[in-house]
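K.L.:
Questions regarding the structure given below will be posed in turn.
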Amino acid sequence: MSFLIDSSIMFTSQVLFFGFGWLFFMRKLFKDYEVRQYVVQVIFSVTFAFSCTMFELIIFEILGVLNSSSRYFHWKLNLCVILLILVFMVPFYIGYFVVSNIRLLHRQKLLFACVVWLTFMYFFWKLGDPFPILSPKHGILSIEQLISRVGVIGVTLMALLSGFGAVNCPYTYMSYFLRNVTDADILALERRLLQTMDMIVSKKKRIAVAHRTMFQRGEVHNKPTGFWGMIKSVTTSVPGSENLSLIQQEVDALEELSRQLFLETADLHATKERIEYSKTFQGKYFNFLGYFFSIYCVWKIFMATINIVFDRVGKTDPVTRGIEITVNYLGIQFDVKFWSQHISFILVGIIIVTSIRGLLITLTKFFYAISSSKSSNVIVLLLAQIMGMYFVSSVLLIRMSMPLEYRTIITEVLGELQFNFYHRWFDVIFLVSALSSILFLYLAHKQAPEKHMAL
């Protein structure tokens, strides 16, 4: 009876997650597009639902909700479904919709979709060869074989996003990185933009007047034809008339300059608004967060470097370790096990919420940037693939943030994976991503004033 109650709780939560994924699909991703393929919407919503269910099971594990055997059953069921979607269903439908957009392959789209899926499976399987992610005793059809490869892709994606986010967040929020923009700077640039537009209008008027004069003289009808005639018309001009080719080149150069001035003006207005916002209470709060994340970024880069150099992976979760160090330093009586459980629950909850929210925001921006009416279904399926792999990999890494007694069932469900490898791999990719982001933002920040002075 308890198993039926536990299953009904899990089923109800999955229905709620599915509904949220459905609403997100309709209200955010496809609000400007006509939904033609409901299978895409169903796949995205199901992937979101089962991805969130994994996080729900982690929280249930810490809180002790549901029976232990029920949690184990739903862990297995959830992993089997999510792997079936990520490895078999989504790649096949991506190939199917890609082939459907190619007219030459439209008649045999099912056959070519199978070819695309088999190609994906080949490279997906070969992905595991260079990485020490499995024990030799795992069978070819075991869950470990699939989840280990999904984990490599997902952890790489997580590390890239985390490295860029750890650097971009303080750069975005801190007022220290804002340029000193005044109203005089904006006004001067707007005057230059207006002068440039006036010059463009003036020169285009000259071209129009010259064309009308040539038409009245009958020169338009007697224009030389052929290649040499074109060369002659460009290199020579009629006495008393305008050199149209030279004026047109000046117009093109001025239009390019006007575009740059317009973008720079918009950037100065945005910077001025950020300066005004930084003076408000909320702006000061985010500025403080920027300093906090700067310290966190430096600490994370330092720890990632230490872990890589000394080939080190933590055996104790950060919360328990931090409490133990504090208690030993202060020499006080404290129930480490009791409080580490509650603080770990809060920490894991924060990680889960921020991971889901951050990924959905990123996916929405990415979709708006590259989607079109023809490619939208394929892109949504790619986002579902990325989302599923991201969340599966999050489970692999969150495991280390949990106390030892709560890692047991996750270790049993995921199998004998090389968990230490994934943490080392995350540190390597995070370090590369963070250092690359620092270099990129430094160059962008350095070139901005130079570009402003040049304009």
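Following the order of the structure tokens, chains are lettered A, B, ..., residues in each are numbered from 1, and ligands are numbered from 1.
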For Glu61 of chain A, work out the shell of residues within 10 Å, counting only C-alpha atoms and skipping chain neighbours fewer than 4 positions away, then give it as a PDB file with N, CA, C and O atoms, in the first residue's frame.
P.N.:
```
ATOM      1  N   PHE A  55      15.984  15.744  -9.351  1.00  0.00           N
ATOM      2  CA  PHE A  55      16.283  16.664  -8.262  1.00  0.00           C
ATOM      3  C   PHE A  55      15.316  16.466  -7.095  1.00  0.00           C
ATOM      4  O   PHE A  55      15.692  16.598  -5.925  1.00  0.00           O
ATOM      5  N   GLU A  56      14.057  16.189  -7.428  1.00  0.00           N
ATOM      6  CA  GLU A  56      13.077  15.933  -6.381  1.00  0.00           C
ATOM      7  C   GLU A  56      13.470  14.712  -5.557  1.00  0.00           C
ATOM      8  O   GLU A  56      13.352  14.712  -4.323  1.00  0.00           O
ATOM      9  N   LEU A  57      13.963  13.672  -6.220  1.00  0.00           N
ATOM     10  CA  LEU A  57      14.374  12.467  -5.506  1.00  0.00           C
ATOM     11  C   LEU A  57      15.591  12.732  -4.609  1.00  0.00           C
ATOM     12  O   LEU A  57      15.722  12.125  -3.542  1.00  0.00           O
ATOM     13  N   VAL A  65      11.743  11.395   2.729  1.00  0.00           N
ATOM     14  CA  VAL A  65      10.376  11.257   2.245  1.00  0.00           C
ATOM     15  C   VAL A  65      10.283   9.997   1.390  1.00  0.00           C
ATOM     16  O   VAL A  65      11.217   9.662   0.648  1.00  0.00           O
ATOM     17  N   LEU A  66       9.175   9.290   1.462  1.00  0.00           N
ATOM     18  CA  LEU A  66       8.907   8.035   0.756  1.00  0.00           C
ATOM     19  C   LEU A  66       9.712   6.887   1.367  1.00  0.00           C
ATOM     20  O   LEU A  66      10.724   7.086   2.071  1.00  0.00           O
ATOM     21  N   ASN A  67       9.281   5.707   1.045  1.00  0.00           N
ATOM     22  CA  ASN A  67       9.978   4.507   1.492  1.00  0.00           C
ATOM     23  C   ASN A  67      11.279   4.336   0.708  1.00  0.00           C
ATOM     24  O   ASN A  67      11.365   4.703  -0.462  1.00  0.00           O
ATOM     25  N   SER A  68      12.284   3.759   1.338  1.00  0.00           N
ATOM     26  CA  SER A  68      13.584   3.604   0.691  1.00  0.00           C
ATOM     27  C   SER A  68      13.495   2.776  -0.586  1.00  0.00           C
ATOM     28  O   SER A  68      14.091   3.121  -1.611  1.00  0.00           O
ATOM     29  N   ARG A  71      11.866   4.860  -3.350  1.00  0.00           N
ATOM     30  CA  ARG A  71      12.796   5.821  -3.938  1.00  0.00           C
ATOM     31  C   ARG A  71      13.750   5.133  -4.901  1.00  0.00           C
ATOM     32  O   ARG A  71      14.040   5.648  -5.990  1.00  0.00           O
ATOM     33  N   TYR A  72      14.236   3.951  -4.509  1.00  0.00           N
ATOM     34  CA  TYR A  72      15.159   3.224  -5.383  1.00  0.00           C
ATOM     35  C   TYR A  72      14.475   2.841  -6.693  1.00  0.00           C
ATOM     36  O   TYR A  72      15.058   2.972  -7.783  1.00  0.00           O
ATOM     37  N   PHE A 345      20.680  20.268   2.955  1.00  0.00           N
ATOM     38  CA  PHE A 345      19.393  20.347   2.273  1.00  0.00           C
ATOM     39  C   PHE A 345      19.177  21.744   1.674  1.00  0.00           C
ATOM     40  O   PHE A 345      18.758  21.886   0.520  1.00  0.00           O
ATOM     41  N   GLU A 405      25.974   9.519   4.048  1.00  0.00           N
ATOM     42  CA  GLU A 405      24.850   8.595   4.182  1.00  0.00           C
ATOM     43  C   GLU A 405      23.792   8.792   3.103  1.00  0.00           C
ATOM     44  O   GLU A 405      22.999   7.890   2.833  1.00  0.00           O
ATOM     45  N   TYR A 406      23.786   9.979   2.460  1.00  0.00           N
ATOM     46  CA  TYR A 406      22.790  10.231   1.418  1.00  0.00           C
ATOM     47  C   TYR A 406      23.327   9.932   0.021  1.00  0.00           C
ATOM     48  O   TYR A 406      22.587  10.000  -0.950  1.00  0.00           O
ATOM     49  N   ARG A 407      24.599   9.662  -0.084  1.00  0.00           N
ATOM     50  CA  ARG A 407      25.163   9.345  -1.399  1.00  0.00           C
ATOM     51  C   ARG A 407      24.938   7.887  -1.776  1.00  0.00           C
ATOM     52  O   ARG A 407      25.072   7.516  -2.936  1.00  0.00           O
ATOM     53  N   THR A 408      24.613   7.049  -0.803  1.00  0.00           N
ATOM     54  CA  THR A 408      24.591   5.600  -1.022  1.00  0.00           C
ATOM     55  C   THR A 408      23.629   5.201  -2.124  1.00  0.00           C
ATOM     56  O   THR A 408      24.006   4.503  -3.075  1.00  0.00           O
ATOM     57  N   ILE A 409      22.377   5.660  -2.024  1.00  0.00           N
ATOM     58  CA  ILE A 409      21.386   5.226  -3.008  1.00  0.00           C
ATOM     59  C   ILE A 409      21.693   5.779  -4.390  1.00  0.00           C
ATOM     60  O   ILE A 409      21.460   5.115  -5.411  1.00  0.00           O
ATOM     61  N   ILE A 410      22.251   7.013  -4.439  1.00  0.00           N
ATOM     62  CA  ILE A 410      22.626   7.573  -5.744  1.00  0.00           C
ATOM     63  C   ILE A 410      23.753   6.766  -6.353  1.00  0.00           C
ATOM     64  O   ILE A 410      23.755   6.475  -7.558  1.00  0.00           O
TER      65      ILE A 410
END
```
K.L.:
Report as an NGL selection string all protein, DNA and RNA residues lying within 10 Å of Gln195 of chain A, evaluated on only C-alpha atoms, omitting residues in the same chain fewer than 6 positions from it.
P.N.:
:A and (189 or 201 or 258)
K.L.:
With C-alpha atoms retained, could you export that selection as a PDB file, in the first residue's frame?
P.N.:
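Dumped everything to again-v9.pdb:
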```
ATOM      1  CA  LEU A 189      28.122  61.525 -29.852  1.00  0.00           C
ATOM      2  CA  VAL A 201      21.173  62.992 -46.928  1.00  0.00           C
ATOM      3  CA  SER A 258      26.493  56.091 -38.775  1.00  0.00           C
TER       4      SER A 258
END
```
K.L.:
Excluding same-chain residues fewer than 3 positions from Gly128 of chain A, what lies within 7 Å of it counting only C-alpha atoms, as a PyMOL selection string?
P.N.:
chain A and resi 125+131+149
K.L.:
Mind checking which residues fall within 8 Å of Ile147 of chain A, counting only C-alpha atoms, ignoring those fewer than 6 positions away in the same chain, and posting them as JSON, numbers by chain?
P.N.:
{"A": [83, 392, 414]}
K.L.:
Could you save those same residues with C-alpha atoms as a PDB file, in the first residue's frame?
P.N.:
```pdb
ATOM      1  CA  LEU A  83      18.332   7.828 -20.978  1.00  0.00           C
ATOM      2  CA  VAL A 392      21.865  14.170 -15.371  1.00  0.00           C
ATOM      3  CA  LEU A 414      24.118   5.239 -11.061  1.00  0.00           C
TER       4      LEU A 414
END
```
K.L.:
What's the 12 Å shell around segment 427-437 of chain A, counting only C-alpha atoms, without same-chain residues fewer than 2 positions away, as a VMD selection string?
P.N.:
chain A and resid 152 to 171 294 297 to 309 311 to 313 397 420 to 425 439 to 445
K.L.:
Excluding segment 73-76 of chain A and any residue of its chain fewer than 2 positions from it, enumerate the residues within 10 Å of it, using only C-alpha atoms, and give them as a PyMOL selection string.
P.N.:
chain A and resi 3+6-7+10-11+53-54+57-58+67-71+78-81+143+409-410+412-414
K.L.:
Kindly save the residues from that selection, with C-alpha atoms included, as an mmCIF file, in the first residue's frame.
P.N.:
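Result file result_39.cif:
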```cif
data_model
loop_
_atom_site.group_PDB
_atom_site.id
_atom_site.type_symbol
_atom_site.label_atom_id
_atom_site.label_comp_id
_atom_site.auth_asym_id
_atom_site.auth_seq_id
_atom_site.Cartn_x
_atom_site.Cartn_y
_atom_site.Cartn_z
ATOM 1 C CA PHE A 3 4.360 1.754 -2.605
ATOM 2 C CA ASP A 6 4.621 6.792 -2.961
ATOM 3 C CA SER A 7 4.050 6.141 -6.670
ATOM 4 C CA MET A 10 5.785 10.801 -7.714
ATOM 5 C CA PHE A 11 3.253 10.628 -10.561
ATOM 6 C CA THR A 53 12.096 14.484 -10.839
ATOM 7 C CA MET A 54 15.757 13.530 -10.338
ATOM 8 C CA LEU A 57 14.374 12.467 -5.506
ATOM 9 C CA ILE A 58 17.602 14.017 -4.176
ATOM 10 C CA ASN A 67 9.978 4.507 1.492
ATOM 11 C CA SER A 68 13.584 3.604 0.691
ATOM 12 C CA SER A 69 12.598 0.831 -1.739
ATOM 13 C CA SER A 70 10.127 3.178 -3.471
ATOM 14 C CA ARG A 71 12.796 5.821 -3.938
ATOM 15 C CA ASN A 78 13.510 7.788 -13.938
ATOM 16 C CA LEU A 79 17.027 7.089 -15.182
ATOM 17 C CA CYS A 80 15.833 4.490 -17.710
ATOM 18 C CA VAL A 81 13.256 6.898 -19.150
ATOM 19 C CA ILE A 143 22.814 1.853 -17.633
ATOM 20 C CA ILE A 409 21.386 5.226 -3.008
ATOM 21 C CA ILE A 410 22.626 7.573 -5.744
ATOM 22 C CA GLU A 412 23.776 2.306 -6.191
ATOM 23 C CA VAL A 413 21.447 3.687 -8.861
ATOM 24 C CA LEU A 414 24.118 5.239 -11.061
#
```
K.L.:
Nearest to Val46 of chain A: which of A:Phe60, A:Phe310, A:Phe288, A:Phe18 is it, counting only C-alpha atoms?
P.N.:
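Answer, going by the shortest atom-to-atom distance: A:Phe18.
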K.L.:
Could you jot down the atom CA of Thr47 of chain A to atom CA of Val15 of chain A separation for me, Å, one decimal place?
P.N.:
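Atom-to-atom, atom CA of Thr47 of chain A to atom CA of Val15 of chain A, that is 12.0 Å.
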K.L.:
Compile the contact shell of Gln14 of chain A as an mmCIF file with C-alpha atoms, in the first residue's frame: residues with an atom at most 10 Å away, counting only C-alpha atoms, same-chain residues fewer than 6 positions apart removed.
P.N.:
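Dumped to result.cif:
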```
data_model
loop_
_atom_site.group_PDB
_atom_site.id
_atom_site.type_symbol
_atom_site.label_atom_id
_atom_site.label_comp_id
_atom_site.auth_asym_id
_atom_site.auth_seq_id
_atom_site.Cartn_x
_atom_site.Cartn_y
_atom_site.Cartn_z
ATOM 1 C CA SER A 8 0.990 8.407 -6.701
ATOM 2 C CA PHE A 20 5.275 23.630 -16.151
ATOM 3 C CA VAL A 46 8.661 14.988 -20.690
ATOM 4 C CA PHE A 48 11.893 18.602 -18.296
ATOM 5 C CA ALA A 49 9.563 16.594 -16.048
ATOM 6 C CA PHE A 50 11.930 13.640 -15.590
ATOM 7 C CA SER A 51 14.924 15.959 -15.178
ATOM 8 C CA CYS A 52 13.194 17.805 -12.333
ATOM 9 C CA THR A 53 12.096 14.484 -10.839
ATOM 10 C CA GLU A 56 13.077 15.933 -6.381
#
```
